[in-house]
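See below for the structure under consideration.
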Amino acid sequence: MKITRCTTAVVEANYDYTYVRIHADNGVFGTGECFMAPGLTAALREMFPLILGRDPREVDRLGRHLWRKGSGAGAVAGYLFNAVSGIETALWDLVGKSTGVPAYQFLGGKVQDEVRIYADCHAGDNIESWAAMLTPRQPAWLQKALAGKKTREERYEPAQYRRRARQMVRAGFDALKFDIDSIVVLTGEELNRPLRDREIEKMIECVDAARQGAGPGVDLAVDCHWRFAPSEAIRISRALAPHHLLWLEDPCPPENWRDIAEIRAQGGCPILTGENLNRRHGFWDLIANRSVDLVAPDVQKCGGMLEAKRIGELAELQGIRFAPHNIASPLGTMASAHVCATLPNFVALEFHGSDVPFWNDLVTRPDAKGPLIERGRIRLTEAPGLGLELNEDAAREYSKPGETFFE
Ligand code: MG
């Protein structure tokens, strides 16, 4: 079996959904998704000659080959791993579809049939679209969706958190995550100043409001996006400890595991981090020093499905749980779900697309109808590979100007 052709396509959604397609000489193709990055499709096109003519069944070998060839351009960490992750996932889809086997079977098989999904709720109400360097943009679908919505300034109030929590629980989710860093007046100096008592009080008010909206049986997590110094993160963690959060995410800059360990030891909330780390090696200090309660690799970035599985297994050795970051389309979300289903320490997988009006339209499934996520769960079936196909009509409609579409 040989790889004969590789192509890309990009959908301009709340982020760029970057797809890789790999064809083999048996007439089958597989599709994977990469986490956004500037210049990503150019990097993918540089990588394709390295795998053309190779056996797609040697997934790990090809992944490691790409790591090594990226030496100097990001072999240890960096956005080349976004590209490698999409290729690796496309290979699993291709191998699965060629053999009639679901991708989770190649990762050891399921330990659960359903994957619990948590809804990212932003800061109450936050429909947005971001380019790869996190500059805001307004594609046509967003301009239409924004008509009549509240302005950014009106959002960060407890009433919004309450309303959004109620809405997402009604949609079937029993785990929610809210941003609390955006409650603080963001000047770029947050790392260099003590938080005002009123700022922390407002965080508590918003979490209280989210709890009122969600009701007692729903798990709540909050995200700080690396915004605060460890001393301030400890204050936040202590203030929120009585709320029994599922986790406090990225409370401080991620470079130093000792800072994260200190917040964990002195705060009171379970700590989660890891969405920007690559490979097992990126997680090693956090896991070996037991400085987190949960790891959150992004399957479209960390190195791919097998690497995410390995990170989850390393974490399991230390009693650390696994709750992957995910801002992908349904295709990448499904790839993540295959990994999650194979890990006993899995808690919940992120869903970041509730505001994207065409999110569910982007895929079709051979053995299921309706939305991919139902009652806050993804159910894994016996369908081969990732168990779904990209809906090319929908993807083409929202494809990013200037990018090729599987050509
Ligand atoms: Mg986050």
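Numbering starts fresh at 1 for the residues of each chain in the structure tokens, the chains themselves are lettered A, B, ... in the order given, and ligands are numbered from 1 as they appear.
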
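For ligand 1, the neighbouring polymer residues at 8 Å or closer are Asp223, Cys224, His225, Glu249, Asp250, Thr273, Glu275 and His325 of chain A, only C-alpha atoms and all ligand atoms being used.
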
May I have the selected residues written with N, CA, C and O atoms, as a compact mmCIF listing (two decimals), in the first residue's frame?
```
# COMPACT_ATOMS: atom_id res chain seq x y z
N ASP A 223 -11.65 29.16 32.78
CA ASP A 223 -10.40 29.31 32.03
C ASP A 223 -9.83 30.71 32.26
O ASP A 223 -10.57 31.70 32.22
N CYS A 224 -8.52 30.79 32.52
CA CYS A 224 -7.84 32.08 32.74
C CYS A 224 -6.88 32.46 31.61
O CYS A 224 -6.27 33.53 31.66
N HIS A 225 -6.66 31.57 30.63
CA HIS A 225 -5.83 31.89 29.46
C HIS A 225 -4.46 32.46 29.84
O HIS A 225 -4.00 33.43 29.23
N GLU A 249 -8.41 26.45 34.66
CA GLU A 249 -7.56 26.19 33.48
C GLU A 249 -6.56 27.32 33.25
O GLU A 249 -6.93 28.50 33.30
N ASP A 250 -5.32 26.94 32.97
CA ASP A 250 -4.26 27.88 32.59
C ASP A 250 -4.26 29.15 33.45
O ASP A 250 -4.39 30.26 32.92
N THR A 273 -3.93 22.17 32.48
CA THR A 273 -3.18 22.93 31.48
C THR A 273 -2.73 21.99 30.36
O THR A 273 -2.95 20.78 30.42
N GLU A 275 -2.87 22.89 26.60
CA GLU A 275 -3.42 22.98 25.25
C GLU A 275 -2.39 23.41 24.21
O GLU A 275 -2.60 23.21 23.02
N HIS A 325 -8.20 19.64 25.12
CA HIS A 325 -8.61 20.90 24.51
C HIS A 325 -9.09 20.60 23.10
O HIS A 325 -8.60 19.70 22.44
```

Which residues of stretch 268-317 of chain A come within 12 Å of stretch 32-36 of chain A, and for each one, what is the closest pair of atoms and their distance in Å to one decimal, counting only C-alpha atoms, sorted by chain and residue number, as JSON lines?
```
{"residue": "A:Glu275", "atom": "CA", "partner": "A:Phe35", "partner_atom": "CA", "distance": 10.7}
{"residue": "A:Asn276", "atom": "CA", "partner": "A:Phe35", "partner_atom": "CA", "distance": 10.2}
{"residue": "A:Asn278", "atom": "CA", "partner": "A:Phe35", "partner_atom": "CA", "distance": 11.9}
{"residue": "A:Pro297", "atom": "CA", "partner": "A:Phe35", "partner_atom": "CA", "distance": 11.6}
{"residue": "A:Asp298", "atom": "CA", "partner": "A:Phe35", "partner_atom": "CA", "distance": 8.1}
{"residue": "A:Val299", "atom": "CA", "partner": "A:Phe35", "partner_atom": "CA", "distance": 8.4}
{"residue": "A:Gln300", "atom": "CA", "partner": "A:Cys34", "partner_atom": "CA", "distance": 4.8}
{"residue": "A:Lys301", "atom": "CA", "partner": "A:Phe35", "partner_atom": "CA", "distance": 5.6}
{"residue": "A:Cys302", "atom": "CA", "partner": "A:Phe35", "partner_atom": "CA", "distance": 9.4}
{"residue": "A:Gly303", "atom": "CA", "partner": "A:Cys34", "partner_atom": "CA", "distance": 9.8}
{"residue": "A:Gly304", "atom": "CA", "partner": "A:Cys34", "partner_atom": "CA", "distance": 9.0}
{"residue": "A:Met305", "atom": "CA", "partner": "A:Gly32", "partner_atom": "CA", "distance": 10.2}
```

Preceding selection exported with N, CA, C and O atoms as a PDB file, in the first residue's frame:
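That gives us part.pdb:
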```pdb
ATOM      1  N   GLU A 275      -2.874  22.886  26.605  1.00  0.00           N
ATOM      2  CA  GLU A 275      -3.419  22.981  25.246  1.00  0.00           C
ATOM      3  C   GLU A 275      -2.392  23.410  24.211  1.00  0.00           C
ATOM      4  O   GLU A 275      -2.598  23.214  23.024  1.00  0.00           O
ATOM      5  N   ASN A 276      -1.275  24.019  24.638  1.00  0.00           N
ATOM      6  CA  ASN A 276      -0.267  24.460  23.673  1.00  0.00           C
ATOM      7  C   ASN A 276       0.997  23.617  23.701  1.00  0.00           C
ATOM      8  O   ASN A 276       2.003  24.005  23.102  1.00  0.00           O
ATOM      9  N   ASN A 278       3.396  20.200  22.954  1.00  0.00           N
ATOM     10  CA  ASN A 278       3.569  19.204  21.900  1.00  0.00           C
ATOM     11  C   ASN A 278       4.212  17.936  22.454  1.00  0.00           C
ATOM     12  O   ASN A 278       5.107  18.011  23.295  1.00  0.00           O
ATOM     13  N   PRO A 297      -4.108  17.960  26.345  1.00  0.00           N
ATOM     14  CA  PRO A 297      -3.490  18.040  25.024  1.00  0.00           C
ATOM     15  C   PRO A 297      -4.552  18.331  23.967  1.00  0.00           C
ATOM     16  O   PRO A 297      -5.716  17.972  24.145  1.00  0.00           O
ATOM     17  N   ASP A 298      -4.137  18.998  22.907  1.00  0.00           N
ATOM     18  CA  ASP A 298      -5.027  19.224  21.777  1.00  0.00           C
ATOM     19  C   ASP A 298      -4.626  18.206  20.711  1.00  0.00           C
ATOM     20  O   ASP A 298      -3.490  18.231  20.231  1.00  0.00           O
ATOM     21  N   VAL A 299      -5.534  17.338  20.327  1.00  0.00           N
ATOM     22  CA  VAL A 299      -5.202  16.230  19.417  1.00  0.00           C
ATOM     23  C   VAL A 299      -4.763  16.757  18.050  1.00  0.00           C
ATOM     24  O   VAL A 299      -3.959  16.135  17.369  1.00  0.00           O
ATOM     25  N   GLN A 300      -5.246  17.950  17.675  1.00  0.00           N
ATOM     26  CA  GLN A 300      -4.890  18.543  16.382  1.00  0.00           C
ATOM     27  C   GLN A 300      -3.564  19.301  16.461  1.00  0.00           C
ATOM     28  O   GLN A 300      -3.174  19.968  15.507  1.00  0.00           O
ATOM     29  N   LYS A 301      -2.867  19.197  17.578  1.00  0.00           N
ATOM     30  CA  LYS A 301      -1.652  19.970  17.768  1.00  0.00           C
ATOM     31  C   LYS A 301      -0.541  19.179  18.462  1.00  0.00           C
ATOM     32  O   LYS A 301       0.641  19.374  18.177  1.00  0.00           O
ATOM     33  N   CYS A 302      -0.892  18.282  19.366  1.00  0.00           N
ATOM     34  CA  CYS A 302       0.117  17.665  20.237  1.00  0.00           C
ATOM     35  C   CYS A 302       0.998  16.650  19.508  1.00  0.00           C
ATOM     36  O   CYS A 302       2.026  16.236  20.030  1.00  0.00           O
ATOM     37  N   GLY A 303       0.610  16.261  18.299  1.00  0.00           N
ATOM     38  CA  GLY A 303       1.357  15.232  17.564  1.00  0.00           C
ATOM     39  C   GLY A 303       0.427  14.215  16.937  1.00  0.00           C
ATOM     40  O   GLY A 303       0.871  13.386  16.151  1.00  0.00           O
ATOM     41  N   GLY A 304      -0.849  14.263  17.308  1.00  0.00           N
ATOM     42  CA  GLY A 304      -1.837  13.385  16.685  1.00  0.00           C
ATOM     43  C   GLY A 304      -2.521  12.480  17.690  1.00  0.00           C
ATOM     44  O   GLY A 304      -2.373  12.625  18.910  1.00  0.00           O
ATOM     45  N   MET A 305      -3.294  11.526  17.149  1.00  0.00           N
ATOM     46  CA  MET A 305      -4.147  10.680  17.987  1.00  0.00           C
ATOM     47  C   MET A 305      -3.331   9.739  18.867  1.00  0.00           C
ATOM     48  O   MET A 305      -3.595   9.596  20.058  1.00  0.00           O
TER      49      MET A 305
END
```

message = Quick one: residues within 12 Å of A:Lys369, only C-alpha atoms, excluding same-chain residues fewer than 4 positions away - as a ChimeraX atom specification?
response = /A:360-361,363-365,373-374,379,388

query = Which residues in stretch 4-233 of chain A does DSSP call alpha helix (DSSP H)? List them as a PyMOL selection string.
reply = chain A and resi 40-51+59-69+80-99+140-146+158-170+197-214+230-233

task = Tell me, in Å to one decimal, how far atom CA of A:Gln167 is from atom CA of A:Ala119.
result = 10.7 Å

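In terms of minimum interatomic distance to A:Ile22, A:Ile87 ranks closest within A:Ile87, A:Asn345, A:Arg64, A:Gln112, counting only C-alpha atoms.
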
key: Residue nearest A:Ser98 among A:Met1, A:Leu277, A:Ile51, A:Cys6 (counting only C-alpha atoms)   = A:Met1

key: Residue contacts of stretch 212-214 of chain A (7 Å, only C-alpha atoms) excluding same-chain residues fewer than 3 positions away, as number ranges by chain   = A: 162-163, 165-166, 169, 208-209, 218

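With only C-alpha atoms as the atoms that count, the residue of A:Ile378, A:Leu107, A:Leu186, A:Ile180 with the shortest distance to A:Gly312 is A:Leu107.
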
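The residue set within 8 Å of A:Ala77, counting only C-alpha atoms and dropping same-chain residues fewer than 3 places from it, reads Gly74, Leu80, Phe81, Leu277, Asn278, Arg279 and Gly282 of chain A.
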